[in-house]
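A.B. asks: My questions all concern the structure below.
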Amino acid sequence: MSDRTHAAFFYGTLMAPEVFFTVCYRFSTDNVSLLKSLHDFKPAILHGYCRRRVQFADYPGITPDPEHEVRGMYVTGLTDANMHHLDTFEGSEYDRKTVKVRLLSKVGDDKGRGNVEGEEVECEVYVFKNPNHLEDREWDFEEFRTQKMKKWTREDYGFDNTDHLAPQAVEDNEKTAAV
């Protein structure tokens, strides 16, 4: 593992610092000052993608679409271990891709009216692989925060159901220590 850090753009459940912390550090906290000491969170826009709700799920997926844009969070200071946890969390439904987002110097309303875009930065994002499994409606972050988030930030929540494909068997000689 290297000492370099990563940056990523989050547009769904991981926009909530509580969920982000649970995934990346394996325990929940509402200590925002601790989180901010480890990572910078900045509002940003990803052009050329559309966010939709995943069928039968609490979370969204994005797919390329030149007519849309997605507002989310640009997060810096991610370690290799954080990225490993994020890759595991996102599972085989997503591909991690490198994209460019625009940081928002001013955040507008829910429709993006009043957004003021600033610097363009490169980061990684998780793109949904199967658009046929997306509903034809936008995913609602506020609905998630008020109705669903609590179960995503429990201390005992292990994200068992993040990968809808059966796991591959690991032979004893292939097992390694957890990160």
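Letters A, B, ... mark the chains of the structure tokens in the order given; residue numbers begin at 1 per chain; ligand numbers begin at 1, in order shown.
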When you look at range 61-63 of chain A with a cut-off of 9 Å (counting only C-alpha atoms), what residues show up, excluding the ones that are within fewer than 2 positions of it in the same chain? I need them as a PyMOL selection string.
C.D. replies: chain A and resi 11-12+48-54+59+65+70+93-94+126-131+134+139
A.B. asks: Residues at most 6 Å from range 103-107 of chain A, counting only C-alpha atoms, excluding those fewer than 2 positions away in the same chain, as a list in words?
C.D. replies: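 Surrounding residues, per the criterion: Pro43, Ala44, Asn115, Val116, Glu117, Gly118 and Glu119 of chain A.
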A.B. asks: Output C-alpha atoms for every residue in the selection just made, as a PDB file, in the first residue's frame.
C.D. replies:
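The resulting file, part_20.pdb, is shown below:
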ATOM      1  CA  PRO A  43     -19.875  20.285  -2.721  1.00  0.00           C
ATOM      2  CA  ALA A  44     -19.285  19.561  -6.405  1.00  0.00           C
ATOM      3  CA  ASN A 115     -24.919  27.030  -8.292  1.00  0.00           C
ATOM      4  CA  VAL A 116     -21.619  28.798  -8.903  1.00  0.00           C
ATOM      5  CA  GLU A 117     -18.988  26.470 -10.296  1.00  0.00           C
ATOM      6  CA  GLY A 118     -15.305  26.881  -9.551  1.00  0.00           C
ATOM      7  CA  GLU A 119     -12.167  24.802  -9.947  1.00  0.00           C
TER       8      GLU A 119
END
A.B. asks: Using CA of Trp152 in chain A and CA of Ala57 in chain A as the two end points, give the distance in Å to one decimal.
C.D. replies: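 Separation between CA of Trp152 in chain A and CA of Ala57 in chain A: 12.2 Å.
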A.B. asks: Could you tell me which of A:Glu124, A:Phe141, A:Gln55, A:Phe20 comes closest to Phe89 in chain A if we count only C-alpha atoms?
C.D. replies: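 Nearest candidate to Phe89 in chain A out of A:Glu124, A:Phe141, A:Gln55, A:Phe20: A:Phe20.
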A.B. asks: Step one, run DSSP on the backbone; step two, keep only residues of range 6-150 of chain A assigned to helix (DSSP H, G or I); then write them as number ranges by chain.
C.D. replies: A: 13-15, 17-25, 32-38, 80-93, 131-133, 141-150
A.B. asks: Once you have the residues from the selection above, write them out as a short mmCIF file (atom, residue, chain, number, x, y, z; two decimals), in the first residue's frame, restricted to N, CA and C atoms.
C.D. replies:
data_model
loop_
_atom_site.label_atom_id
_atom_site.label_comp_id
_atom_site.auth_asym_id
_atom_site.auth_seq_id
_atom_site.Cartn_x
_atom_site.Cartn_y
_atom_site.Cartn_z
N THR A 13 -25.55 7.63 -0.76
CA THR A 13 -25.53 7.42 0.69
C THR A 13 -24.24 7.93 1.33
N LEU A 14 -23.13 7.87 0.60
CA LEU A 14 -21.84 8.29 1.16
C LEU A 14 -21.70 9.80 1.29
N MET A 15 -22.68 10.57 0.78
CA MET A 15 -22.68 12.02 1.02
C MET A 15 -22.95 12.31 2.49
N PRO A 17 -21.99 12.12 6.08
CA PRO A 17 -20.74 11.82 6.78
C PRO A 17 -20.83 10.59 7.69
N GLU A 18 -22.01 10.37 8.29
CA GLU A 18 -22.17 9.23 9.18
C GLU A 18 -22.01 7.91 8.42
N VAL A 19 -22.57 7.83 7.21
CA VAL A 19 -22.45 6.61 6.39
C VAL A 19 -21.01 6.48 5.91
N PHE A 20 -20.43 7.58 5.43
CA PHE A 20 -19.04 7.57 4.96
C PHE A 20 -18.12 7.02 6.05
N PHE A 21 -18.28 7.53 7.27
CA PHE A 21 -17.42 7.11 8.37
C PHE A 21 -17.63 5.63 8.72
N THR A 22 -18.89 5.19 8.71
CA THR A 22 -19.19 3.79 8.99
C THR A 22 -18.52 2.87 7.97
N VAL A 23 -18.55 3.25 6.69
CA VAL A 23 -17.95 2.43 5.64
C VAL A 23 -16.43 2.47 5.71
N CYS A 24 -15.86 3.66 5.81
CA CYS A 24 -14.40 3.79 5.72
C CYS A 24 -13.66 3.40 7.00
N TYR A 25 -14.32 3.50 8.15
CA TYR A 25 -13.64 3.24 9.42
C TYR A 25 -14.29 2.13 10.24
N VAL A 32 -18.51 15.17 13.91
CA VAL A 32 -18.17 15.79 12.63
C VAL A 32 -16.78 16.40 12.67
N SER A 33 -16.34 16.93 13.81
CA SER A 33 -15.00 17.54 13.87
C SER A 33 -13.91 16.50 13.66
N LEU A 34 -14.10 15.28 14.16
CA LEU A 34 -13.14 14.21 13.92
C LEU A 34 -13.07 13.90 12.44
N LEU A 35 -14.22 13.76 11.81
CA LEU A 35 -14.28 13.45 10.38
C LEU A 35 -13.61 14.54 9.55
N LYS A 36 -13.90 15.80 9.88
CA LYS A 36 -13.32 16.91 9.12
C LYS A 36 -11.82 17.03 9.33
N SER A 37 -11.31 16.49 10.43
CA SER A 37 -9.86 16.53 10.64
C SER A 37 -9.15 15.52 9.74
N LEU A 38 -9.87 14.52 9.27
CA LEU A 38 -9.29 13.48 8.42
C LEU A 38 -9.52 13.72 6.93
N ASP A 80 -5.43 4.30 0.88
CA ASP A 80 -5.62 3.04 0.17
C ASP A 80 -6.59 2.14 0.94
N ALA A 81 -6.48 2.13 2.26
CA ALA A 81 -7.39 1.31 3.08
C ALA A 81 -8.83 1.81 2.94
N ASN A 82 -9.03 3.14 2.95
CA ASN A 82 -10.37 3.68 2.74
C ASN A 82 -10.92 3.23 1.39
N MET A 83 -10.09 3.30 0.34
CA MET A 83 -10.54 2.91 -1.00
C MET A 83 -10.89 1.42 -1.04
N HIS A 84 -10.13 0.62 -0.33
CA HIS A 84 -10.44 -0.82 -0.27
C HIS A 84 -11.83 -1.03 0.36
N HIS A 85 -12.10 -0.32 1.46
CA HIS A 85 -13.41 -0.44 2.11
C HIS A 85 -14.52 0.07 1.19
N LEU A 86 -14.26 1.16 0.48
CA LEU A 86 -15.26 1.69 -0.45
C LEU A 86 -15.52 0.73 -1.60
N ASP A 87 -14.45 0.13 -2.15
CA ASP A 87 -14.62 -0.85 -3.23
C ASP A 87 -15.47 -2.03 -2.76
N THR A 88 -15.23 -2.49 -1.54
CA THR A 88 -16.00 -3.60 -0.98
C THR A 88 -17.46 -3.20 -0.79
N PHE A 89 -17.67 -2.02 -0.26
CA PHE A 89 -19.02 -1.49 -0.03
C PHE A 89 -19.80 -1.37 -1.34
N GLU A 90 -19.18 -0.83 -2.37
CA GLU A 90 -19.87 -0.63 -3.65
C GLU A 90 -20.10 -1.95 -4.38
N GLY A 91 -19.23 -2.92 -4.19
CA GLY A 91 -19.43 -4.25 -4.75
C GLY A 91 -19.35 -4.31 -6.26
N SER A 92 -19.85 -5.39 -6.82
CA SER A 92 -19.72 -5.63 -8.25
C SER A 92 -20.76 -4.89 -9.09
N GLU A 93 -21.67 -4.15 -8.46
CA GLU A 93 -22.65 -3.37 -9.21
C GLU A 93 -22.04 -2.11 -9.83
N PRO A 131 -27.70 -0.11 -16.27
CA PRO A 131 -28.77 0.90 -16.27
C PRO A 131 -30.18 0.31 -16.24
N ASN A 132 -30.34 -0.95 -16.67
CA ASN A 132 -31.66 -1.58 -16.65
C ASN A 132 -32.17 -1.81 -15.23
N HIS A 133 -31.30 -1.71 -14.24
CA HIS A 133 -31.70 -1.90 -12.84
C HIS A 133 -31.94 -0.58 -12.12
N PHE A 141 -31.93 12.35 -1.70
CA PHE A 141 -31.03 12.32 -0.54
C PHE A 141 -31.77 12.65 0.75
N GLU A 142 -32.66 13.62 0.71
CA GLU A 142 -33.38 14.01 1.92
C GLU A 142 -34.27 12.87 2.42
N GLU A 143 -34.90 12.16 1.50
CA GLU A 143 -35.70 10.98 1.87
C GLU A 143 -34.81 9.93 2.54
N PHE A 144 -33.64 9.72 1.97
CA PHE A 144 -32.69 8.76 2.56
C PHE A 144 -32.30 9.19 3.98
N ARG A 145 -31.93 10.47 4.14
CA ARG A 145 -31.49 10.97 5.46
C ARG A 145 -32.57 10.81 6.52
N THR A 146 -33.81 11.11 6.16
CA THR A 146 -34.87 11.11 7.16
C THR A 146 -35.50 9.74 7.39
N GLN A 147 -35.50 8.87 6.38
CA GLN A 147 -36.22 7.60 6.50
C GLN A 147 -35.34 6.35 6.51
N LYS A 148 -34.15 6.42 5.96
CA LYS A 148 -33.36 5.19 5.78
C LYS A 148 -31.99 5.20 6.45
N MET A 149 -31.41 6.36 6.67
CA MET A 149 -30.01 6.44 7.08
C MET A 149 -29.70 5.73 8.39
N LYS A 150 -30.63 5.75 9.31
CA LYS A 150 -30.35 5.16 10.63
C LYS A 150 -29.86 3.72 10.52
#
